[in-house]
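Trainee: For reference, this is start_30.cif, and it has mmCIF, C-alpha atoms and all ligand atoms.
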```cif
data_upload
#
loop_
_atom_site.label_atom_id
_atom_site.label_comp_id
_atom_site.auth_asym_id
_atom_site.auth_seq_id
_atom_site.Cartn_x
_atom_site.Cartn_y
_atom_site.Cartn_z
CA MET A 602 0.00 0.00 0.00
CA ILE A 603 1.33 3.49 -0.88
CA ARG A 604 1.36 5.79 2.16
CA SER A 605 1.16 9.55 1.75
CA ASN A 606 0.91 10.60 5.39
CA PRO A 607 4.50 11.24 6.63
CA GLU A 608 3.73 9.66 10.02
CA GLU A 609 2.45 6.44 8.45
CA LEU A 610 5.30 6.43 5.96
CA ILE A 611 7.95 6.76 8.64
CA ARG A 612 6.26 4.21 10.88
CA ASP A 613 6.07 1.70 8.01
CA THR A 614 9.68 2.28 7.00
CA MET A 615 10.96 1.94 10.56
CA ALA A 616 8.74 -1.06 11.27
CA ARG A 617 10.16 -2.86 8.23
CA PHE A 618 13.72 -2.01 9.29
CA VAL A 619 13.04 -3.23 12.84
CA ASP A 620 11.37 -6.46 11.74
CA ARG A 621 13.96 -7.35 9.09
CA GLU A 622 17.24 -5.92 10.33
CA LEU A 623 16.94 -5.53 14.07
CA ILE A 624 14.71 -8.13 15.74
CA PRO A 625 16.53 -11.13 14.19
CA ARG A 626 19.87 -9.78 15.53
CA ALA A 627 18.75 -8.13 18.78
CA LYS A 628 19.73 -11.04 21.03
CA GLU A 629 23.19 -11.35 19.50
CA ILE A 630 23.87 -7.58 19.63
CA ASP A 631 22.74 -7.44 23.26
CA GLU A 632 24.94 -10.41 24.18
CA ARG A 633 27.98 -8.96 22.43
CA GLY A 634 27.47 -5.69 24.30
CA GLU A 635 29.25 -3.64 21.64
CA PHE A 636 28.22 -0.36 20.05
CA PRO A 637 26.32 -1.44 16.87
CA ARG A 638 28.30 0.56 14.29
CA GLU A 639 26.80 -1.00 11.20
CA LEU A 640 23.19 -0.40 12.26
CA PHE A 641 24.17 3.11 13.37
CA ARG A 642 25.39 3.84 9.83
CA GLN A 643 22.27 2.31 8.31
CA LEU A 644 20.07 4.59 10.44
CA ALA A 645 22.14 7.60 9.37
CA ALA A 646 21.67 6.65 5.72
CA MET A 647 17.91 6.54 6.34
CA GLY A 648 18.03 10.16 7.59
CA VAL A 649 16.98 9.15 11.09
CA PHE A 650 19.48 11.28 13.05
CA GLY A 651 18.40 14.50 11.34
CA ILE A 652 14.66 13.99 11.78
CA ARG A 653 14.28 16.83 14.34
CA TYR A 654 16.35 19.32 12.34
CA PRO A 655 15.20 21.48 9.40
CA LYS A 656 16.07 20.29 5.90
CA GLU A 657 17.67 23.55 4.81
CA LYS A 658 20.19 23.21 7.63
CA GLY A 659 21.22 19.63 7.03
CA GLY A 660 18.40 17.80 8.81
CA ALA A 661 15.57 15.65 7.52
CA GLY A 662 12.84 18.23 8.18
CA GLY A 663 10.63 16.29 10.59
CA ASN A 664 9.32 17.09 14.04
CA CYS A 665 9.05 15.65 17.54
CA THR A 666 6.13 13.37 16.64
CA LEU A 667 8.12 11.75 13.83
CA PHE A 668 11.16 11.49 16.09
CA CYS A 669 9.02 9.71 18.71
CA ILE A 670 7.63 7.31 16.10
CA ILE A 671 11.19 6.40 15.09
CA VAL A 672 12.51 5.79 18.59
CA GLU A 673 9.33 3.93 19.57
CA GLU A 674 9.78 1.52 16.66
CA LEU A 675 13.48 1.05 17.41
CA ALA A 676 12.75 0.40 21.10
CA ARG A 677 10.32 -2.30 20.02
CA GLY A 678 13.34 -4.02 18.44
CA LEU A 679 16.27 -3.20 20.72
CA MET A 680 16.38 -0.55 23.44
CA SER A 681 20.16 -0.08 23.10
CA LEU A 682 19.86 1.06 19.49
CA ALA A 683 16.90 3.30 20.34
CA ALA A 684 18.90 4.90 23.16
CA ILE A 685 21.91 5.50 20.91
CA THR A 686 19.62 7.03 18.27
CA ALA A 687 17.98 9.31 20.82
CA MET A 688 21.41 10.48 21.97
CA GLN A 689 22.64 11.17 18.44
CA SER A 690 19.44 12.91 17.27
CA LEU A 691 18.63 14.96 20.35
CA MET A 692 20.93 15.49 23.35
CA GLY A 693 24.24 14.77 21.59
CA THR A 694 23.77 17.23 18.70
CA ASN A 695 21.06 19.72 19.75
CA PHE A 696 23.27 22.43 21.26
CA LEU A 697 25.88 22.07 18.53
CA PHE A 698 23.13 22.56 15.95
CA HIS A 699 21.54 25.58 17.62
CA PHE A 700 24.58 27.37 19.01
CA GLY A 701 27.63 26.05 17.16
CA SER A 702 29.42 28.26 14.59
CA ALA A 703 29.09 27.36 10.89
CA GLU A 704 32.61 25.94 11.09
CA LEU A 705 31.79 23.73 14.11
CA ARG A 706 28.60 22.50 12.46
CA GLU A 707 30.53 21.65 9.30
CA LYS A 708 33.15 19.76 11.30
CA TYR A 709 30.88 17.86 13.70
CA PHE A 710 27.13 18.26 13.09
CA HIS A 711 26.99 17.27 9.42
CA PRO A 712 29.27 14.23 9.87
CA ALA A 713 27.11 13.23 12.86
CA MET A 714 24.00 13.31 10.67
CA ARG A 715 25.83 11.08 8.17
CA GLY A 716 26.74 8.64 10.94
CA GLU A 717 30.46 9.37 10.54
CA LYS A 718 30.85 10.93 13.99
CA VAL A 719 29.21 10.05 17.30
CA GLY A 720 28.00 12.73 19.71
CA CYS A 721 27.17 12.50 23.38
CA PHE A 722 25.92 14.57 26.30
CA CYS A 723 27.57 15.00 29.67
CA LEU A 724 25.59 16.44 32.57
CA THR A 725 26.00 13.90 35.36
CA GLU A 726 28.98 13.92 37.73
CA PRO A 727 29.87 11.67 40.64
CA GLU A 728 28.42 14.27 43.05
CA ALA A 729 25.78 15.80 40.73
CA GLY A 730 23.00 13.52 39.47
CA SER A 731 19.51 14.93 39.99
CA ASP A 732 21.06 18.03 41.55
CA LEU A 733 22.62 19.82 38.59
CA GLY A 734 23.21 22.90 40.73
CA ASN A 735 26.06 20.87 42.17
CA VAL A 736 27.91 20.50 38.84
CA SER A 737 31.55 21.23 39.61
CA THR A 738 33.33 20.69 36.28
CA LEU A 739 34.92 24.08 35.93
CA ALA A 740 35.46 26.09 32.74
CA VAL A 741 37.79 29.03 33.23
CA ARG A 742 37.99 31.71 30.56
CA THR A 743 41.53 32.66 29.54
CA ALA A 744 42.89 34.75 26.66
CA ASP A 745 43.50 31.54 24.67
CA GLY A 746 40.14 29.89 25.30
CA TYR A 747 38.38 28.00 28.10
CA VAL A 748 40.28 25.59 30.33
CA LEU A 749 38.09 22.69 31.54
CA ASN A 750 38.70 20.50 34.59
CA GLY A 751 36.37 17.93 36.12
CA MET A 752 34.76 14.52 35.84
CA LYS A 753 31.58 13.43 34.06
CA THR A 754 29.99 10.03 34.48
CA TRP A 755 27.28 7.79 32.98
CA VAL A 756 28.03 9.15 29.53
CA THR A 757 25.93 7.25 26.96
CA SER A 758 28.05 6.60 23.80
CA GLY A 759 31.01 8.07 25.74
CA PRO A 760 33.55 5.33 24.89
CA VAL A 761 32.94 5.68 21.15
CA ALA A 762 32.12 9.39 20.88
CA ASP A 763 33.95 11.86 18.64
CA PHE A 764 32.66 14.97 20.43
CA TYR A 765 31.14 15.73 23.82
CA THR A 766 28.58 18.37 24.79
CA ILE A 767 29.60 19.06 28.37
CA LEU A 768 27.78 21.03 31.07
CA CYS A 769 30.29 23.10 33.06
CA GLN A 770 30.26 25.72 35.75
CA THR A 771 31.94 29.00 34.79
CA ASP A 772 31.21 30.84 38.06
CA PRO A 773 30.37 28.70 41.12
CA ALA A 774 29.01 31.76 42.97
CA LYS A 775 26.24 32.03 40.35
CA LYS A 776 25.18 28.36 40.78
CA PHE A 777 22.49 27.66 38.11
CA ARG A 778 23.24 30.92 36.28
CA GLY A 779 26.89 29.90 35.97
CA LEU A 780 26.10 26.72 33.99
CA ASN A 781 27.19 26.59 30.34
CA PHE A 782 27.56 23.97 27.64
CA PHE A 783 30.83 23.41 25.76
CA LEU A 784 31.72 21.31 22.76
CA VAL A 785 34.83 19.25 23.46
CA PRO A 786 36.29 17.17 20.62
CA ARG A 787 37.56 13.73 21.54
CA ASP A 788 41.15 14.52 20.53
CA THR A 789 41.40 17.49 22.94
CA PRO A 790 44.55 16.95 25.04
CA GLY A 791 43.50 16.19 28.63
CA LEU A 792 40.19 14.44 27.76
CA SER A 793 40.18 10.76 28.68
CA CYS A 794 37.50 8.07 28.88
CA GLY A 795 37.33 5.43 31.58
CA LYS A 796 36.70 1.73 31.05
CA PRO A 797 33.23 1.00 29.59
CA PHE A 798 30.73 0.26 32.40
CA GLU A 799 29.35 -3.22 33.04
CA VAL A 800 25.60 -2.62 33.23
CA LEU A 801 22.30 -4.40 33.79
CA GLY A 802 20.46 -3.47 30.59
CA THR A 803 20.87 -1.63 27.25
CA ARG A 804 24.18 -3.44 27.11
CA SER A 805 25.21 -2.15 23.68
CA THR A 806 24.91 1.55 24.46
CA ALA A 807 28.52 1.95 25.73
CA LEU A 808 28.79 4.07 28.89
CA CYS A 809 31.82 5.48 30.67
CA GLU A 810 33.29 8.25 32.77
CA VAL A 811 34.90 11.19 30.99
CA ALA A 812 37.73 13.02 32.75
CA LEU A 813 38.83 16.51 31.79
CA LYS A 814 42.25 17.69 32.87
CA ASP A 815 43.33 21.17 31.74
CA CYS A 816 41.46 20.78 28.44
CA LEU A 817 41.93 23.96 26.43
CA ILE A 818 39.16 24.68 23.92
CA PRO A 819 38.54 27.78 21.77
CA HIS A 820 36.09 30.45 23.01
CA GLU A 821 33.64 29.63 20.21
CA HIS A 822 33.18 26.12 21.64
CA MET A 823 30.85 27.60 24.27
CA LEU A 824 27.40 26.54 23.01
CA GLY A 825 24.79 29.19 23.88
CA GLY A 826 25.05 32.61 25.52
CA GLU A 827 27.01 33.02 28.75
CA GLY A 828 24.95 31.77 31.72
CA GLN A 829 22.26 30.26 29.44
CA GLY A 830 23.14 26.58 30.01
CA LEU A 831 20.22 25.78 32.29
CA ASN A 832 17.69 27.73 30.16
CA ASN A 833 18.92 25.95 27.06
CA LEU A 834 18.68 22.59 28.80
CA MET A 835 15.12 23.41 29.91
CA SER A 836 14.22 24.21 26.30
CA ILE A 837 14.68 20.52 25.36
CA LEU A 838 13.74 18.86 28.64
CA ALA A 839 10.08 18.32 27.66
CA GLU A 840 11.29 16.72 24.44
CA ILE A 841 13.75 14.46 26.31
CA ARG A 842 10.93 13.31 28.61
CA THR A 843 8.50 12.76 25.71
CA MET A 844 11.12 10.83 23.72
CA THR A 845 11.79 8.63 26.78
CA ALA A 846 8.05 7.96 27.02
CA ALA A 847 8.10 6.90 23.35
CA LEU A 848 10.93 4.45 24.13
CA ALA A 849 8.72 3.04 26.89
CA VAL A 850 5.81 2.66 24.44
CA GLY A 851 8.11 0.65 22.13
CA LEU A 852 9.19 -1.65 24.94
CA GLN A 853 5.56 -2.21 26.02
CA ARG A 854 4.59 -3.15 22.46
CA ALA A 855 7.39 -5.70 22.30
CA ALA A 856 6.51 -7.21 25.69
CA LEU A 857 2.78 -7.32 24.87
CA GLY A 858 3.25 -8.77 21.37
CA ASP A 859 5.58 -11.53 22.60
CA SER A 860 3.25 -12.31 25.53
CA ILE A 861 0.19 -12.66 23.29
CA ARG A 862 2.07 -14.94 20.91
CA TYR A 863 3.34 -17.09 23.78
CA ALA A 864 -0.07 -17.24 25.51
CA ASN A 865 -1.62 -18.42 22.24
CA GLU A 866 0.99 -21.18 21.80
CA ARG A 867 1.82 -22.53 25.23
CA ALA A 868 -0.62 -25.22 26.37
CA GLN A 869 -1.07 -26.45 29.95
CA PHE A 870 -3.92 -28.54 31.38
CA GLY A 871 -5.06 -29.21 27.81
CA LYS A 872 -5.57 -25.56 26.79
CA THR A 873 -3.38 -22.71 25.64
CA ILE A 874 -2.63 -20.50 28.65
CA GLY A 875 -4.37 -17.55 26.98
CA ASN A 876 -7.62 -19.31 27.91
CA TYR A 877 -7.01 -18.68 31.60
CA GLN A 878 -8.54 -15.53 33.03
CA LEU A 879 -5.51 -14.65 35.13
CA ILE A 880 -3.35 -14.59 31.98
CA GLN A 881 -6.06 -12.63 30.16
CA ALA A 882 -6.06 -10.06 32.98
CA LYS A 883 -2.32 -9.48 32.55
CA ILE A 884 -2.70 -9.06 28.79
CA ALA A 885 -5.65 -6.69 29.27
CA ASN A 886 -3.66 -4.61 31.78
CA MET A 887 -0.67 -4.44 29.45
CA ALA A 888 -2.83 -3.41 26.49
CA THR A 889 -4.61 -0.74 28.52
CA ASP A 890 -1.35 0.63 29.92
CA LEU A 891 0.05 0.71 26.39
CA GLU A 892 -2.91 2.65 25.03
CA ALA A 893 -2.77 5.18 27.88
CA SER A 894 1.01 5.56 27.45
CA ARG A 895 0.61 6.12 23.73
CA LEU A 896 -2.04 8.80 24.25
CA LEU A 897 0.03 10.68 26.84
CA THR A 898 3.21 10.43 24.76
CA TYR A 899 1.80 11.62 21.46
CA LYS A 900 -0.26 14.34 23.14
CA ALA A 901 2.99 15.78 24.54
CA ALA A 902 4.81 15.30 21.20
CA ARG A 903 2.11 17.18 19.31
CA MET A 904 2.17 19.99 21.87
CA ILE A 905 5.94 20.28 21.35
CA ASP A 906 5.38 20.45 17.58
CA GLN A 907 2.82 23.20 18.09
CA LYS A 908 5.22 25.02 20.44
CA ILE A 909 2.73 24.79 23.33
CA PRO A 910 4.49 24.65 26.73
CA CYS A 911 4.00 21.09 27.99
CA MET A 912 6.48 20.25 30.75
CA THR A 913 3.66 18.84 32.90
CA GLU A 914 2.24 16.69 30.08
CA ALA A 915 5.73 15.49 29.04
CA SER A 916 6.63 14.63 32.66
CA MET A 917 3.35 12.73 33.12
CA ALA A 918 3.98 10.87 29.86
CA LYS A 919 7.50 9.89 30.89
CA TYR A 920 6.44 8.91 34.39
CA PHE A 921 3.39 6.87 33.34
CA ALA A 922 4.79 5.20 30.22
CA THR A 923 8.02 4.20 31.91
CA GLU A 924 6.31 2.71 34.94
CA ALA A 925 3.95 0.93 32.54
CA ALA A 926 6.98 -0.46 30.67
CA CYS A 927 8.29 -1.89 33.96
CA ARG A 928 4.89 -3.50 34.60
CA ALA A 929 4.75 -4.87 31.03
CA ALA A 930 8.18 -6.49 31.30
CA ASP A 931 7.23 -7.96 34.68
CA HIS A 932 3.97 -9.41 33.29
CA ALA A 933 5.85 -10.85 30.29
CA THR A 934 8.33 -12.71 32.52
CA ARG A 935 5.38 -14.25 34.41
CA ILE A 936 3.39 -15.19 31.28
CA PHE A 937 6.47 -16.98 29.92
CA GLY A 938 6.80 -18.95 33.18
CA ALA A 939 10.29 -20.43 33.62
CA TYR A 940 11.17 -19.39 30.06
CA GLY A 941 10.78 -15.77 31.17
CA TYR A 942 13.80 -16.46 33.38
CA SER A 943 15.85 -17.88 30.51
CA MET A 944 18.37 -15.80 28.58
CA GLU A 945 17.11 -17.51 25.40
CA TYR A 946 13.80 -15.61 25.43
CA THR A 947 13.02 -11.91 25.17
CA PRO A 948 11.26 -11.06 28.49
CA GLN A 949 14.51 -11.01 30.47
CA ARG A 950 15.88 -8.35 28.10
CA TYR A 951 12.76 -6.22 28.43
CA TYR A 952 12.96 -6.68 32.19
CA ARG A 953 16.58 -5.42 32.25
CA ASP A 954 16.24 -2.72 29.58
CA ASN A 955 13.22 -1.04 31.14
CA ARG A 956 15.43 0.15 34.02
CA PHE A 957 17.30 2.40 31.56
CA LEU A 958 14.14 4.48 31.19
CA LEU A 959 13.89 5.33 34.86
CA TYR A 960 16.80 7.75 35.20
CA GLY A 961 17.47 10.04 32.22
CA GLY A 962 15.39 13.22 31.92
CA GLY A 963 14.56 13.10 35.63
CA SER A 964 14.08 10.23 38.06
CA HIS A 965 10.52 9.35 38.97
CA GLU A 966 10.85 10.76 42.45
CA ILE A 967 11.81 14.11 40.89
CA LEU A 968 9.00 13.86 38.31
CA GLN A 969 6.38 12.98 40.93
CA THR A 970 7.53 15.87 43.11
CA ASN A 971 7.31 18.29 40.20
CA ILE A 972 3.97 17.02 38.88
CA ALA A 973 2.41 17.38 42.34
CA LYS A 974 3.72 20.95 42.54
CA TRP A 975 2.54 21.84 39.04
CA VAL A 976 -0.99 20.58 39.65
CA GLY A 977 -1.30 22.81 42.69
CA LEU A 978 0.29 21.23 45.77
C1 LIG B 1001 21.82 3.81 31.44
C2 LIG B 1001 22.07 5.21 31.84
C3 LIG B 1001 22.46 6.15 30.89
C4 LIG B 1001 22.74 7.45 31.27
N1 LIG B 1001 23.19 8.33 30.33
C5 LIG B 1001 23.55 9.58 30.71
C6 LIG B 1001 24.14 10.49 29.76
O1 LIG B 1001 24.31 10.17 28.57
N2 LIG B 1001 24.52 11.71 30.19
C7 LIG B 1001 24.36 12.11 31.49
O2 LIG B 1001 24.71 13.25 31.80
N3 LIG B 1001 23.81 11.27 32.41
C8 LIG B 1001 23.41 10.02 32.06
N4 LIG B 1001 22.87 9.16 32.98
C9 LIG B 1001 22.76 9.58 34.37
C10 LIG B 1001 21.34 9.99 34.75
O3 LIG B 1001 20.99 11.17 34.13
C11 LIG B 1001 21.33 10.09 36.29
O4 LIG B 1001 21.32 8.74 36.75
C12 LIG B 1001 20.15 10.83 36.83
O5 LIG B 1001 20.31 12.20 36.59
C13 LIG B 1001 19.97 10.59 38.34
O6 LIG B 1001 21.16 10.87 39.02
P1 LIG B 1001 21.81 9.79 40.03
O7 LIG B 1001 21.80 8.47 39.37
O8 LIG B 1001 23.10 10.34 40.50
O9 LIG B 1001 20.78 9.69 41.23
P2 LIG B 1001 20.62 10.66 42.49
O10 LIG B 1001 20.32 12.05 42.05
O11 LIG B 1001 21.76 10.46 43.42
O12 LIG B 1001 19.31 10.03 43.14
C14 LIG B 1001 19.32 8.82 43.89
C15 LIG B 1001 17.89 8.55 44.36
O13 LIG B 1001 17.43 9.65 45.17
C16 LIG B 1001 16.27 10.22 44.60
N5 LIG B 1001 16.27 11.68 44.77
C17 LIG B 1001 17.27 12.56 44.46
N6 LIG B 1001 16.88 13.81 44.75
C18 LIG B 1001 15.63 13.72 45.24
C19 LIG B 1001 14.67 14.67 45.70
N7 LIG B 1001 14.93 15.98 45.69
N8 LIG B 1001 13.47 14.22 46.12
C20 LIG B 1001 13.17 12.90 46.11
N9 LIG B 1001 14.03 11.94 45.70
C21 LIG B 1001 15.24 12.36 45.26
C22 LIG B 1001 16.31 9.85 43.12
O14 LIG B 1001 15.03 9.87 42.54
C23 LIG B 1001 16.90 8.46 43.18
O15 LIG B 1001 15.89 7.54 43.54
C24 LIG B 1001 22.57 7.85 32.64
C25 LIG B 1001 22.15 6.91 33.58
C26 LIG B 1001 21.91 5.61 33.20
C27 LIG B 1001 21.52 4.62 34.26
#
```
Could you express the structure from this file as structure tokens?
Ligand SMILES: Cc1cc2nc3c(=O)[nH]c(=O)nc-3n(C[C@H](O)[C@H](O)[C@H](O)COP(=O)(O)OP(=O)(O)OC[C@H]3O[C@@H](n4cnc5c(N)ncnc54)[C@H](O)[C@@H]3O)c2cc1C

Mentor:
Amino acid sequence: MIRSNPEELIRDTMARFVDRELIPRAKEIDERGEFPRELFRQLAAMGVFGIRYPKEKGGAGGNCTLFCIIVEELARGLMSLAAITAMQSLMGTNFLFHFGSAELREKYFHPAMRGEKVGCFCLTEPEAGSDLGNVSTLAVRTADGYVLNGMKTWVTSGPVADFYTILCQTDPAKKFRGLNFFLVPRDTPGLSCGKPFEVLGTRSTALCEVALKDCLIPHEHMLGGEGQGLNNLMSILAEIRTMTAALAVGLQRAALGDSIRYANERAQFGKTIGNYQLIQAKIANMATDLEASRLLTYKAARMIDQKIPCMTEASMAKYFATEAACRAADHATRIFGAYGYSMEYTPQRYYRDNRFLLYGGGSHEILQTNIAKWVGL
């Protein structure tokens, strides 16, 4: 069937890619735990990384809804690849795109869109997780440029990245108003990556610490006006939360689809287990959670596309869809019985990968606290 609606077209294209290229290899990629270079390049060739950026400036001319459709489909296949895609399309290139000079964009942004360079995003520090006011990586302005010193951690794509968007403090007395983003190329003397982390889920994302020791970078590597780091971060926070909700929708679809198939095949006591009401209840709960997650997620995405402020809606979407993804993975492991505990079947991967969704863009304790405040507490 020929599709003319861009949303249907992108969903169909991504669904075909996921079904043919990703799902058959997802187990092997997850077990190898390596950054999936070849798939990364394939996604670049499909224009996926530029979907949020305008065509005339080197993007693919889409919007947040299309971006969410893409990451949702990828998360249905393999959360690691969806997470890498989200990093490359949003957090890892956003500030470079909006605030980088033409020369910086030519050197890093365009190659990133082509899948030739990997970008990443460094907020978190050993002593600054939820509390970004505590960021202590220092950027000191000198006549030759900025000198950066500090330590970042939990950097997605960090071990394989070619450039780093790093949140630094330029004036500790100003706290939040002293926060600024800087672009630091991998080959900057003084930048070093730690050993890749051993982690529970999303095992192919590649995570590490990034240490900065007297890294000298040119003045024009500051991304955004002086003191605007937090404001600029806030300008994409709703999108980060909505995108994370879309990842959770993808994981729920995978867990639900596999559970239905298994419940229709596995027979006990002379009937397939889908005939038992307690299994039906789990499937019904998963399907209802999925539908509610989808509605919240795409409501927030469309508000972002219409430039309607939606931090509350995006936070609710992230909070609800992610918790629902945890419930879906849990139900799937139960429906599969002992096979849900086996590394040969998918539920264990969903069960591990859903944890990835809980932290980035705000932990659920932070989201709950904020939502309660925003609705009037
Ligand atoms: C797989 C993975 C990938 C990641 N990728 C990146 C990345 O690419 N770049 C990056 O910068 N970071 C990344 N992170 C880090 C992530 O952003 C942080 O984990 C997150 O900001 C929370 O910080 P923390 O883990 O230090 O927890 P903490 O802030 O120490 O929180 C610990 C616990 O206390 C709770 N808590 C904290 N403050 C409050 C409060 N005020 N009220 C109630 N409860 C509170 C939290 O909700 C949590 O339950 C990644 C993390 C993971 C797990």

Trainee: Mind listing the residues within 8 Å of ligand LIG 1001 (chain B), all atoms listed in the file counted, as a count of residues only?

Mentor: 38

Trainee: Which range 848-940 of chain A residues have any atom within 12 Å of an atom of range 612-629 of chain A, and for each, what is the nearest pair of atoms with distance in Å to one decimal, counting all atoms listed in the file, rows sorted by chain and number, as a Markdown table?

Mentor:
```
| residue | atom | partner | partner_atom | distance |
| --- | --- | --- | --- | --- |
| A:Gly851 | CA | A:Ala616 | CA | 11.0 |
| A:Ala855 | CA | A:Ile624 | CA | 10.1 |
| A:Asp859 | CA | A:Ile624 | CA | 11.9 |
```

Trainee: Just the residues within 7 Å of range 794-798 of chain A, please, counting all atoms listed in the file, with nothing from its chain fewer than 3 positions along; format it as a PyMOL selection string.

Mentor: chain A and resi 760+807-812

Trainee: Counting only C-alpha atoms, which residue out of A:Phe783, A:Tyr877, A:Tyr946, A:Tyr920 sits closest to Gly746 in chain A?

Mentor: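 That would be A:Phe783, the residue with the smallest distance to Gly746 in chain A.
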
Trainee: Would you write out, as a Markdown table, a table of all residues in range 832-949 of chain A that have an atom no more than 9 Å from an atom of range 693-699 of chain A, listing for each the closest atom pair and the distance in Å to one decimal, considering all atoms listed in the file and ordering rows by chain and rising residue number?

Mentor:
```
| residue | atom | partner | partner_atom | distance |
| --- | --- | --- | --- | --- |
| A:Asn833 | CA | A:Phe696 | CA | 8.1 |
| A:Leu834 | CA | A:Phe696 | CA | 8.8 |
| A:Ile837 | CA | A:Asn695 | CA | 8.5 |
```

Trainee: Set the distance at 8 Å and use all atoms listed in the file: which residues neighbour Tyr951 in chain A once local chain neighbours fewer than 4 positions away are removed? I'd like the list as a PDB file with C-alpha atoms, keeping the file's coordinate frame.

Mentor:
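Just written: part_1.pdb:
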```pdb
ATOM      1  CA  LEU A 852       9.190  -1.650  24.940  1.00  0.00           C
ATOM      2  CA  ALA A 856       6.510  -7.210  25.690  1.00  0.00           C
ATOM      3  CA  ALA A 930       8.180  -6.490  31.300  1.00  0.00           C
ATOM      4  CA  THR A 947      13.020 -11.910  25.170  1.00  0.00           C
ATOM      5  CA  ASN A 955      13.220  -1.040  31.140  1.00  0.00           C
TER       6      ASN A 955
END
```

Trainee: Set the distance at 6 Å and use all atoms listed in the file: which residues neighbour Ser805 in chain A once local chain neighbours fewer than 6 positions away are removed? I'd like the list as a list of chain:residue names.

Mentor: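 Result of the neighbour search: A:Asp631, A:Gly634, A:Glu635, A:Phe636, A:Ser681.
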
Trainee: Between A:Lys776, A:Arg854, A:Arg638, A:Arg895, which is the closest to Lys718 in chain A once you count all atoms listed in the file?

Mentor: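 Nearest candidate to Lys718 in chain A out of A:Lys776, A:Arg854, A:Arg638, A:Arg895: A:Arg638.
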
Trainee: Taking all atoms listed in the file into account, name the residue in A:Leu749, A:Ala926, A:Ile685, A:Ala646 that is nearest to Pro712 in chain A.

Mentor: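 Closest residue, counting all atoms listed in the file: A:Ala646.
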
Trainee: As a PyMOL selection string, please: the residues near His932 in chain A (cut-off 9 Å, only C-alpha atoms, same-chain neighbours under 6 positions excluded).

Mentor: chain A and resi 856-857+860+883-884+887+948

Trainee: Pick out the residues sitting within 10 Å of Arg867 in chain A, and hand them over as a PDB file with C-alpha atoms, in the coordinates of the input; count only C-alpha atoms, and ignore anything fewer than 6 positions along from it in its own chain.

Mentor:
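selection36.pdb, written as the output of this step:
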```
ATOM      1  CA  THR A 873      -3.380 -22.710  25.640  1.00  0.00           C
ATOM      2  CA  ILE A 874      -2.630 -20.500  28.650  1.00  0.00           C
ATOM      3  CA  GLY A 875      -4.370 -17.550  26.980  1.00  0.00           C
ATOM      4  CA  ILE A 936       3.390 -15.190  31.280  1.00  0.00           C
ATOM      5  CA  PHE A 937       6.470 -16.980  29.920  1.00  0.00           C
TER       6      PHE A 937
END
```

Trainee: I'd like the interatomic distance between CA of Leu691 in chain A and CA of Ala973 in chain A, to a tenth of an Å.

Mentor: 27.4 Å

Trainee: Go through A:Ile909, A:Cys665, A:Leu705, A:Ile972 and flag the residue nearest Ala847 in chain A, using all atoms listed in the file for the distances.

Mentor: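 For Ala847 in chain A, the nearest of the given residues is A:Cys665.
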
Trainee: Output as an mmCIF file, in the frame of the given file: range 909-919 of chain A, completed with N, CA and C atoms.

Mentor:
```cif
data_model
loop_
_atom_site.group_PDB
_atom_site.id
_atom_site.type_symbol
_atom_site.label_atom_id
_atom_site.label_comp_id
_atom_site.auth_asym_id
_atom_site.auth_seq_id
_atom_site.Cartn_x
_atom_site.Cartn_y
_atom_site.Cartn_z
ATOM 1 N N ILE A 909 3.544 24.523 22.137
ATOM 2 C CA ILE A 909 2.730 24.790 23.330
ATOM 3 C C ILE A 909 3.524 24.279 24.532
ATOM 4 N N PRO A 910 3.738 25.134 25.565
ATOM 5 C CA PRO A 910 4.490 24.650 26.730
ATOM 6 C C PRO A 910 3.827 23.392 27.313
ATOM 7 N N CYS A 911 4.617 22.352 27.581
ATOM 8 C CA CYS A 911 4.000 21.090 27.990
ATOM 9 C C CYS A 911 4.897 20.298 28.950
ATOM 10 N N MET A 912 5.605 20.978 29.830
ATOM 11 C CA MET A 912 6.480 20.250 30.750
ATOM 12 C C MET A 912 5.678 19.297 31.637
ATOM 13 N N THR A 913 4.479 19.720 32.057
ATOM 14 C CA THR A 913 3.660 18.840 32.900
ATOM 15 C C THR A 913 3.236 17.606 32.116
ATOM 16 N N GLU A 914 2.719 17.812 30.900
ATOM 17 C CA GLU A 914 2.240 16.690 30.080
ATOM 18 C C GLU A 914 3.396 15.740 29.745
ATOM 19 N N ALA A 915 4.571 16.323 29.401
ATOM 20 C CA ALA A 915 5.730 15.490 29.040
ATOM 21 C C ALA A 915 6.207 14.693 30.257
ATOM 22 N N SER A 916 6.171 15.322 31.435
ATOM 23 C CA SER A 916 6.630 14.630 32.660
ATOM 24 C C SER A 916 5.658 13.513 33.011
ATOM 25 N N MET A 917 4.346 13.786 32.853
ATOM 26 C CA MET A 917 3.350 12.730 33.120
ATOM 27 C C MET A 917 3.531 11.567 32.141
ATOM 28 N N ALA A 918 3.793 11.912 30.877
ATOM 29 C CA ALA A 918 3.980 10.870 29.860
ATOM 30 C C ALA A 918 5.175 10.002 30.219
ATOM 31 N N LYS A 919 6.290 10.651 30.572
ATOM 32 C CA LYS A 919 7.500 9.890 30.890
ATOM 33 C C LYS A 919 7.261 9.031 32.134
#
```
